[in-house]
Every structure is written in C-alpha cells, then in structure tokens.
Amino acid sequence: MTGVLVLRPEPLPRAVRLLLLARVVNQLGAFSLPFLTALISSDYGADLTTAGLVAAAFGLATIPSRLAGGGLADRIGRRATIVLGLVGCAVAQLAIAASSSLAWAVAAAVLLGLAFELYEPPSQAIIGESVPERQRVRTFSLFSAALAAGGTGAGLLAALLGRWDLRWLFVADAVTCLGCALLVHLALPGDRPAAPGGGAEHASAVVRPLRDRALLSLLATGTAYALINQQTVLALPLALARQGRPAADAGLLFTAAAATTILAQPLIRLRRTARLAAPVALALGHLLLAAGLAGYALAHSLPALLASAAVWSLGDLLIMGRVYALVTSLAPRGGTGRYLAVFGTGWGVAATLAPLLATRVLAAAGPAVLWTVMALLCLLLAALHLRVTPRHGVRTDEPVAGAAPTGSPVPERS
C-alpha cells in the first residue's frame with residue numbers, strides 16, 4: 001500500500017520557479033533548428049548532403065559551447081552566463097534570417113552552435129544548487145516538463161510561420177530568446193562574487209571532472225542515450241514516410257510524447273519510484289525506451305504508434321531527472337556547472353553524429369532495422385547501468401555549514 005503513495009511535493013525556491021517559466025518562454029520559439037537544413041536547401045540551392053554537413057557543423061560547435069557554459073557559470077555567475085547565451089543565440093538567429101549567401105548562413109549556424117549551449121550548465125546548476133538532494137529528481141523532471149509544455153506551442157507556431165517564410169521562424173526564435181533573457185535578468189537573483197581565495201585559480205585546482213571515473217561512466221552511457229534520442233527525433237518523419245505514412249504524423253507522435261511527459265509527472269513522486277536506486281531507475285528507463293522503440297518497429301497503425309511514443313516518453317521521464325540529479329551530486333562544491341557541462345557534451349556528440357547515422361541506416365536497411373538496433377542498444381545500456389552506475393554521488397570537498405557556492409544565486413544546499 002505504501003509503495004503507491006504519492007509524496008507531498010515541497011514548494012520550489014523562487015529562482016527555480018522563475019527559471020522554469022523562462023524555459024517555457026524560450027522553448028515556445030525553439031522550432032527553427034529542425035528547419036535549418038530546409039532553409040539551406042530551399043533558399044541557397046544546396047543539396048541534402050551539404051545541408052546535413054551544415055547541421056553537423058552546428059552540432060559540433062555545441063560541444064565547446066557547453067564546456068564554456070560550465071566554466072563561465074562557475075566563474076562569472078549563473079545569471080550572467082544564461083543571459084550571455086540567450087543574447088548570443090538571438091544574434092545568431094537574426095544573422096541566419098538576414099543571410100544573403102550560403103557562406104553567411106553557414107557562419108551564422110556555427111555561431112548559433114557556439115552560443116546555443118551556454119544556457120544549459122548554469123540553468124541546470126541553479127536547479128541542482130537551489131533544492132535539497134531529495135528534491136532534485138523531481139525538479140529536473142519538471143525542467144523536462146517545461147520543455148515539453150513550451151514545445152507543444154512551438155509546433156503550432158512553426159506550422160503558421162513556416163507556411164509564410166522559413167526565415168521568420170528564426171526571427172521568432174530570436175524574439176523568444178531575448179524575452180527569456182530579459183525575464184532571467186530581471187527576475188533571478190544577482191550573481192554572488194567569488195569568495196576570497198575561491199576564485200578561478202582555486203576552483204580549477206579542485207574541480208577536475210575529466211578525472212572523475214563516476215562522471216566519465218555517466219558521460220559514456222549518457223552519450224549513447226543522447227545518440228538514440230537524437231536519432232529517434234531526426235529519423236521519425238523519414239521512417240514514417242518510408243512506411244507509407246504521412247511524415248506529418250511525426251508531429252502527432254511528438255505531441256503525444258510531450259503530453260505524456262507533462263501528465264506523468266506524479267509518477268516521479270510515487271514513494272516506490274522515489275526509493276529506486278539510481279542504477280535501477282536508469283535501467284528501468286532504458287527498458288521502457290526499448291519497449292517504445294520495439295513498438296515503432298512493429299506498429300502499423302497510428303494508435304499503436306502513439307502508444308509506443310507514450311511508452312518511450314515514460315522511459316525518458318525516468319532517465320532525465322535521475323541522471324542530472326546524480327551528476328549534480330557527484331560535483332564538488334563550486335564545480336556543479338563544469339560537471340554538468342562535461343556531461344552535457346554527450347548531446348553535442350549526438351547532435352553531430354545523429355544526422356549522419358540515422359539517414360544512412362534508414363537508406364541501407366529501412367525503419368524496422370533502425371528501431372530494432374536502437375532498442376537493442378537500450379537493453380545494453382540498461383545492463384550497463386546496473387553494473388557501472390554509482391548509486392549516489394559522493395562529494396569529496398564538502399565545505400563548512402553555511403558556505404555559499406561560487407556564483408550561486410541561492411546559498412542553501414542539502
């Protein structure tokens with residue numbers, strides 16, 4: 001009986017609530033990137049190979065962007081880094097919309113990649129450092145739900161503006177980035193200066209994420225997960241078309257997945273779910289991913305595909321909140337941003353490789369083989385989590401009670 005009780009949610013700090021709201025605002029405009037290759041092809045006459053290489057160049061640029069975001073978050077502060085990244089994205093989006101040649105469009109796309117991930121490490125660090133450890137899984141899950149909520153409206157805006165002119169998608173995305181930056185600047189607490197003796201030199205001598213074997217283990221499995229995730233998103237419209245279904249049905253499947261992420265949030269607060277050890281929760285999440293992908297391989301009707309998308313989304317829900325909470329707990333004091341940044345580089349690797357791998361496997365073997373291979377990879381990751389993933393993070397440099405982390409807008413941490 002106690003296993004199905006829902007734990008009463010504790011109120012979230014004001015900074016986290018504002019950050020979630022800002023994320024919804026920003027995500028409302030985050031619909032331009034899937035149309036980057038279409039713009040390159042339609043407006044500049046580039047072939048699909050060239051357009052794919054541009055998308056891969058963007059993905060490659062997000063890797064140093066993520067690392068820079070983590071370093072800046074721990075040095076100049078969370079709020080300043082978030083605003084810098086959002087303004088940089090807006091400038092790059094407007095440059096893409098105004099580009100008069102393919103060369104300028106490519107340069108703007110790379111600039112967008114270099115600014116694109118500056119936002120992530122500081123925003124995740126604020127969440128990790130502002131709530132007690134017992135709340136982190138739930139709060140990171142809410143962060144994913146905020147993305148899903150914004151994404152549902154983004155699809156509608158993309159459908160309207162995309163019929164007019166693809167360039168207006170990038171203009172609208174830039175406007176939401178600037179709106180989010182203004183909200184963050186006005187609403188979030190100011191960044192705290194580093195304590196004497198706790199500046200960048202001291203932090204760099206202590207924070208060594210690339211020497212943390214537990215983090216590197218999570219980075220390896222997280223990169224594989226991100227690659228599966230990105231290939232699924234990129235390949236789904238193409239796979240449906242090859243199966244004789246409208247590619248637009250992918251929008252319905254993405255909406256079903258987003259709705260599941262939002263509606264299933266209470267599952268995270270179930271007592272039985274909350275008590276799962278991290279390796280077990282991550283393994284269960286990957287088993288659900290495998291089931292959803294197997295459904296894509298076997299399903300032939302829209303209802304069956306929608307059910308598969310919902311199952312996939314449940315697995316994603318279990319993974320995202322748990323893994324970011326675990327990375328946060330691994331980080332030493334003052335190094336949360338850099339730990340999250342190193343972990344997040346897996347998404348940059350995935351964004352670079354996914355367009356190349358998904359299209360080649362689809363062309364060579366077809367949708368059923370693609371989904372089956374990814375489902376098997378999910379099963380392998382489930383087994384790996386049970387063997388190599390730590391049950392919880394262990395800090396090696398806990399400070400004295402009451403010390404505030406460098407650059408954090410909220411001093412409390414449990």
# chains A, B, ... in the order shown; residues from 1 in each chain; ligands from 1

$ residues_around --residues "range 298-314 of chain A" --least-positions-apart "2" --cutoff "8 Å" --atoms "only C-alpha atoms" --output "JSON, numbers by chain"
{"A": [252, 253, 254, 256, 257, 258, 260, 261, 264, 285, 288, 289, 290, 291, 292, 293, 294, 295, 296, 316, 317, 318, 368]}

$ closest_residue --among "A:Gly77, A:Gly85, A:Gly222, A:Gly52" --to "Thr345 in chain A" --atoms "only C-alpha atoms"
A:Gly222

$ residues_around --residues "range 11-27 of chain A" --least-positions-apart "5" --cutoff "8 Å" --atoms "only C-alpha atoms" --output "PyMOL selection string"
chain A and resi 123+126-127+130-131+142-143+146-147+149-151+154+173+176-177+179-180+183-184+187-189+410

$ write_last_selection --atoms "all heavy atoms" --output "compact mmCIF listing (two decimals), in the first residue's frame"
# COMPACT_ATOMS: atom_id res chain seq x y z
N SER A 123 21.79 26.97 -15.97
CA SER A 123 20.41 26.76 -15.59
C SER A 123 20.26 25.46 -14.81
O SER A 123 19.55 25.38 -13.80
CB SER A 123 19.50 26.75 -16.82
OG SER A 123 19.85 25.73 -17.72
N ILE A 126 21.72 25.98 -11.28
CA ILE A 126 20.80 26.67 -10.38
C ILE A 126 19.82 25.69 -9.77
O ILE A 126 19.54 25.71 -8.56
CB ILE A 126 20.05 27.79 -11.13
CG1 ILE A 126 21.01 28.96 -11.44
CG2 ILE A 126 18.87 28.30 -10.30
CD1 ILE A 126 20.38 30.05 -12.27
N ILE A 127 19.29 24.79 -10.59
CA ILE A 127 18.36 23.78 -10.08
C ILE A 127 19.06 22.88 -9.07
O ILE A 127 18.57 22.64 -7.96
CB ILE A 127 17.79 22.95 -11.24
CG1 ILE A 127 16.87 23.81 -12.10
CG2 ILE A 127 17.03 21.73 -10.72
CD1 ILE A 127 16.34 23.11 -13.32
N SER A 130 19.93 24.82 -5.78
CA SER A 130 18.88 25.56 -5.10
C SER A 130 17.90 24.67 -4.34
O SER A 130 17.11 25.18 -3.55
CB SER A 130 18.09 26.41 -6.11
OG SER A 130 18.92 27.35 -6.73
N VAL A 131 17.93 23.38 -4.59
CA VAL A 131 16.98 22.48 -3.94
C VAL A 131 17.74 21.40 -3.17
O VAL A 131 18.86 21.05 -3.54
CB VAL A 131 16.01 21.84 -4.96
CG1 VAL A 131 15.22 22.90 -5.70
CG2 VAL A 131 16.77 20.95 -5.95
N LEU A 142 10.65 18.25 -13.71
CA LEU A 142 9.82 19.40 -14.03
C LEU A 142 10.47 20.26 -15.11
O LEU A 142 9.78 20.87 -15.93
CB LEU A 142 9.56 20.23 -12.77
CG LEU A 142 8.59 19.66 -11.76
CD1 LEU A 142 8.56 20.53 -10.50
CD2 LEU A 142 7.18 19.57 -12.36
N PHE A 143 11.79 20.32 -15.11
CA PHE A 143 12.51 21.05 -16.14
C PHE A 143 12.22 20.46 -17.51
O PHE A 143 11.98 21.17 -18.49
CB PHE A 143 14.00 21.00 -15.83
CG PHE A 143 14.80 22.10 -16.46
CD1 PHE A 143 14.51 23.43 -16.22
CD2 PHE A 143 15.87 21.81 -17.28
CE1 PHE A 143 15.25 24.45 -16.79
CE2 PHE A 143 16.63 22.82 -17.86
CZ PHE A 143 16.31 24.14 -17.61
N ALA A 146 8.75 21.40 -18.50
CA ALA A 146 8.67 22.78 -19.00
C ALA A 146 9.06 22.83 -20.48
O ALA A 146 8.45 23.55 -21.27
CB ALA A 146 9.58 23.69 -18.18
N LEU A 147 10.08 22.06 -20.84
CA LEU A 147 10.47 21.98 -22.25
C LEU A 147 9.34 21.41 -23.08
O LEU A 147 9.04 21.89 -24.19
CB LEU A 147 11.72 21.12 -22.41
CG LEU A 147 13.01 21.65 -21.78
CD1 LEU A 147 14.14 20.65 -21.99
CD2 LEU A 147 13.38 22.99 -22.38
N ALA A 149 6.11 21.44 -22.37
CA ALA A 149 4.99 22.39 -22.43
C ALA A 149 5.25 23.47 -23.47
O ALA A 149 4.36 23.82 -24.26
CB ALA A 149 4.78 23.01 -21.05
N GLY A 150 6.46 24.01 -23.47
CA GLY A 150 6.79 25.00 -24.48
C GLY A 150 6.81 24.42 -25.87
O GLY A 150 6.41 25.07 -26.84
N GLY A 151 7.26 23.15 -25.97
CA GLY A 151 7.34 22.51 -27.28
C GLY A 151 6.00 22.29 -27.94
O GLY A 151 5.89 22.32 -29.17
N ALA A 154 5.24 25.46 -29.55
CA ALA A 154 6.22 25.74 -30.60
C ALA A 154 5.82 25.10 -31.92
O ALA A 154 5.98 25.70 -32.99
CB ALA A 154 7.60 25.24 -30.18
N ASP A 173 12.26 32.87 -33.14
CA ASP A 173 13.11 32.22 -32.15
C ASP A 173 14.00 33.24 -31.46
O ASP A 173 14.20 33.20 -30.24
CB ASP A 173 13.96 31.15 -32.84
CG ASP A 173 14.42 30.06 -31.89
OD1 ASP A 173 14.35 30.27 -30.67
OD2 ASP A 173 14.84 29.00 -32.36
N THR A 176 11.97 35.19 -28.82
CA THR A 176 11.73 34.46 -27.57
C THR A 176 13.02 34.33 -26.75
O THR A 176 12.97 34.34 -25.52
CB THR A 176 11.15 33.06 -27.84
OG1 THR A 176 12.04 32.30 -28.64
CG2 THR A 176 9.80 33.16 -28.53
N CYS A 177 14.17 34.23 -27.42
CA CYS A 177 15.45 34.21 -26.69
C CYS A 177 15.65 35.52 -25.93
O CYS A 177 16.06 35.53 -24.76
CB CYS A 177 16.61 33.97 -27.65
SG CYS A 177 16.80 32.27 -28.21
N GLY A 179 13.30 37.63 -25.02
CA GLY A 179 12.31 37.71 -23.96
C GLY A 179 12.71 36.89 -22.75
O GLY A 179 12.55 37.32 -21.60
N CYS A 180 13.27 35.71 -23.00
CA CYS A 180 13.74 34.86 -21.91
C CYS A 180 14.92 35.51 -21.20
O CYS A 180 15.00 35.48 -19.97
CB CYS A 180 14.13 33.49 -22.47
SG CYS A 180 14.64 32.29 -21.23
N LEU A 183 13.62 38.24 -18.93
CA LEU A 183 12.98 37.66 -17.75
C LEU A 183 14.01 37.16 -16.75
O LEU A 183 13.90 37.41 -15.55
CB LEU A 183 12.05 36.52 -18.19
CG LEU A 183 11.30 35.77 -17.08
CD1 LEU A 183 10.40 36.72 -16.31
CD2 LEU A 183 10.48 34.63 -17.67
N VAL A 184 15.04 36.49 -17.23
CA VAL A 184 16.09 35.97 -16.35
C VAL A 184 16.84 37.13 -15.68
O VAL A 184 17.11 37.10 -14.48
CB VAL A 184 17.07 35.08 -17.15
CG1 VAL A 184 18.33 34.79 -16.34
CG2 VAL A 184 16.39 33.77 -17.54
N ALA A 187 14.39 38.86 -13.08
CA ALA A 187 13.73 38.08 -12.05
C ALA A 187 14.67 37.25 -11.19
O ALA A 187 14.41 37.03 -10.00
CB ALA A 187 12.67 37.17 -12.67
N LEU A 188 15.77 36.76 -11.78
CA LEU A 188 16.67 35.92 -10.99
C LEU A 188 17.55 36.77 -10.09
O LEU A 188 17.90 37.90 -10.44
CB LEU A 188 17.55 35.07 -11.90
CG LEU A 188 16.90 33.85 -12.56
CD1 LEU A 188 17.96 33.07 -13.33
CD2 LEU A 188 16.22 32.95 -11.55
N PRO A 189 17.92 36.24 -8.93
CA PRO A 189 18.84 36.98 -8.04
C PRO A 189 20.18 37.24 -8.72
O PRO A 189 20.59 36.48 -9.61
CB PRO A 189 19.00 36.04 -6.84
CG PRO A 189 17.84 35.10 -6.91
CD PRO A 189 17.50 34.96 -8.35
N VAL A 410 21.65 31.21 -4.89
CA VAL A 410 20.96 30.73 -3.71
C VAL A 410 21.95 29.97 -2.85
O VAL A 410 22.56 29.01 -3.29
CB VAL A 410 19.79 29.78 -4.10
CG1 VAL A 410 19.06 29.31 -2.85
CG2 VAL A 410 18.83 30.49 -5.04

$ residues_around --residues "Arg78 in chain A" --least-positions-apart "3" --cutoff "6 Å" --atoms "only C-alpha atoms" --output "VMD selection string"
chain A and resid 73 81 122

$ atom_distance --atom1 "CA of Gly190 in chain A" --atom2 "CA of Arg138 in chain A"
25.1 Å

$ closest_residue --among "A:Ala80, A:Val369, A:Ala174, A:Leu219" --to "His385 in chain A" --atoms "only C-alpha atoms"
A:Leu219

$ closest_residue --among "A:Ala103, A:Ala115, A:Ile76, A:Ser65" --to "Gly88 in chain A" --atoms "only C-alpha atoms"
A:Ala115

$ atom_distance --atom1 "CA of Leu357 in chain A" --atom2 "CA of Gln231 in chain A"
7.6 Å

$ closest_residue --among "A:Leu111, A:Leu227, A:Ala57, A:Ala92" --to "Ala350 in chain A" --atoms "only C-alpha atoms"
A:Leu227

$ atom_distance --atom1 "CA of Gly344 in chain A" --atom2 "CA of Ser144 in chain A"
14.7 Å
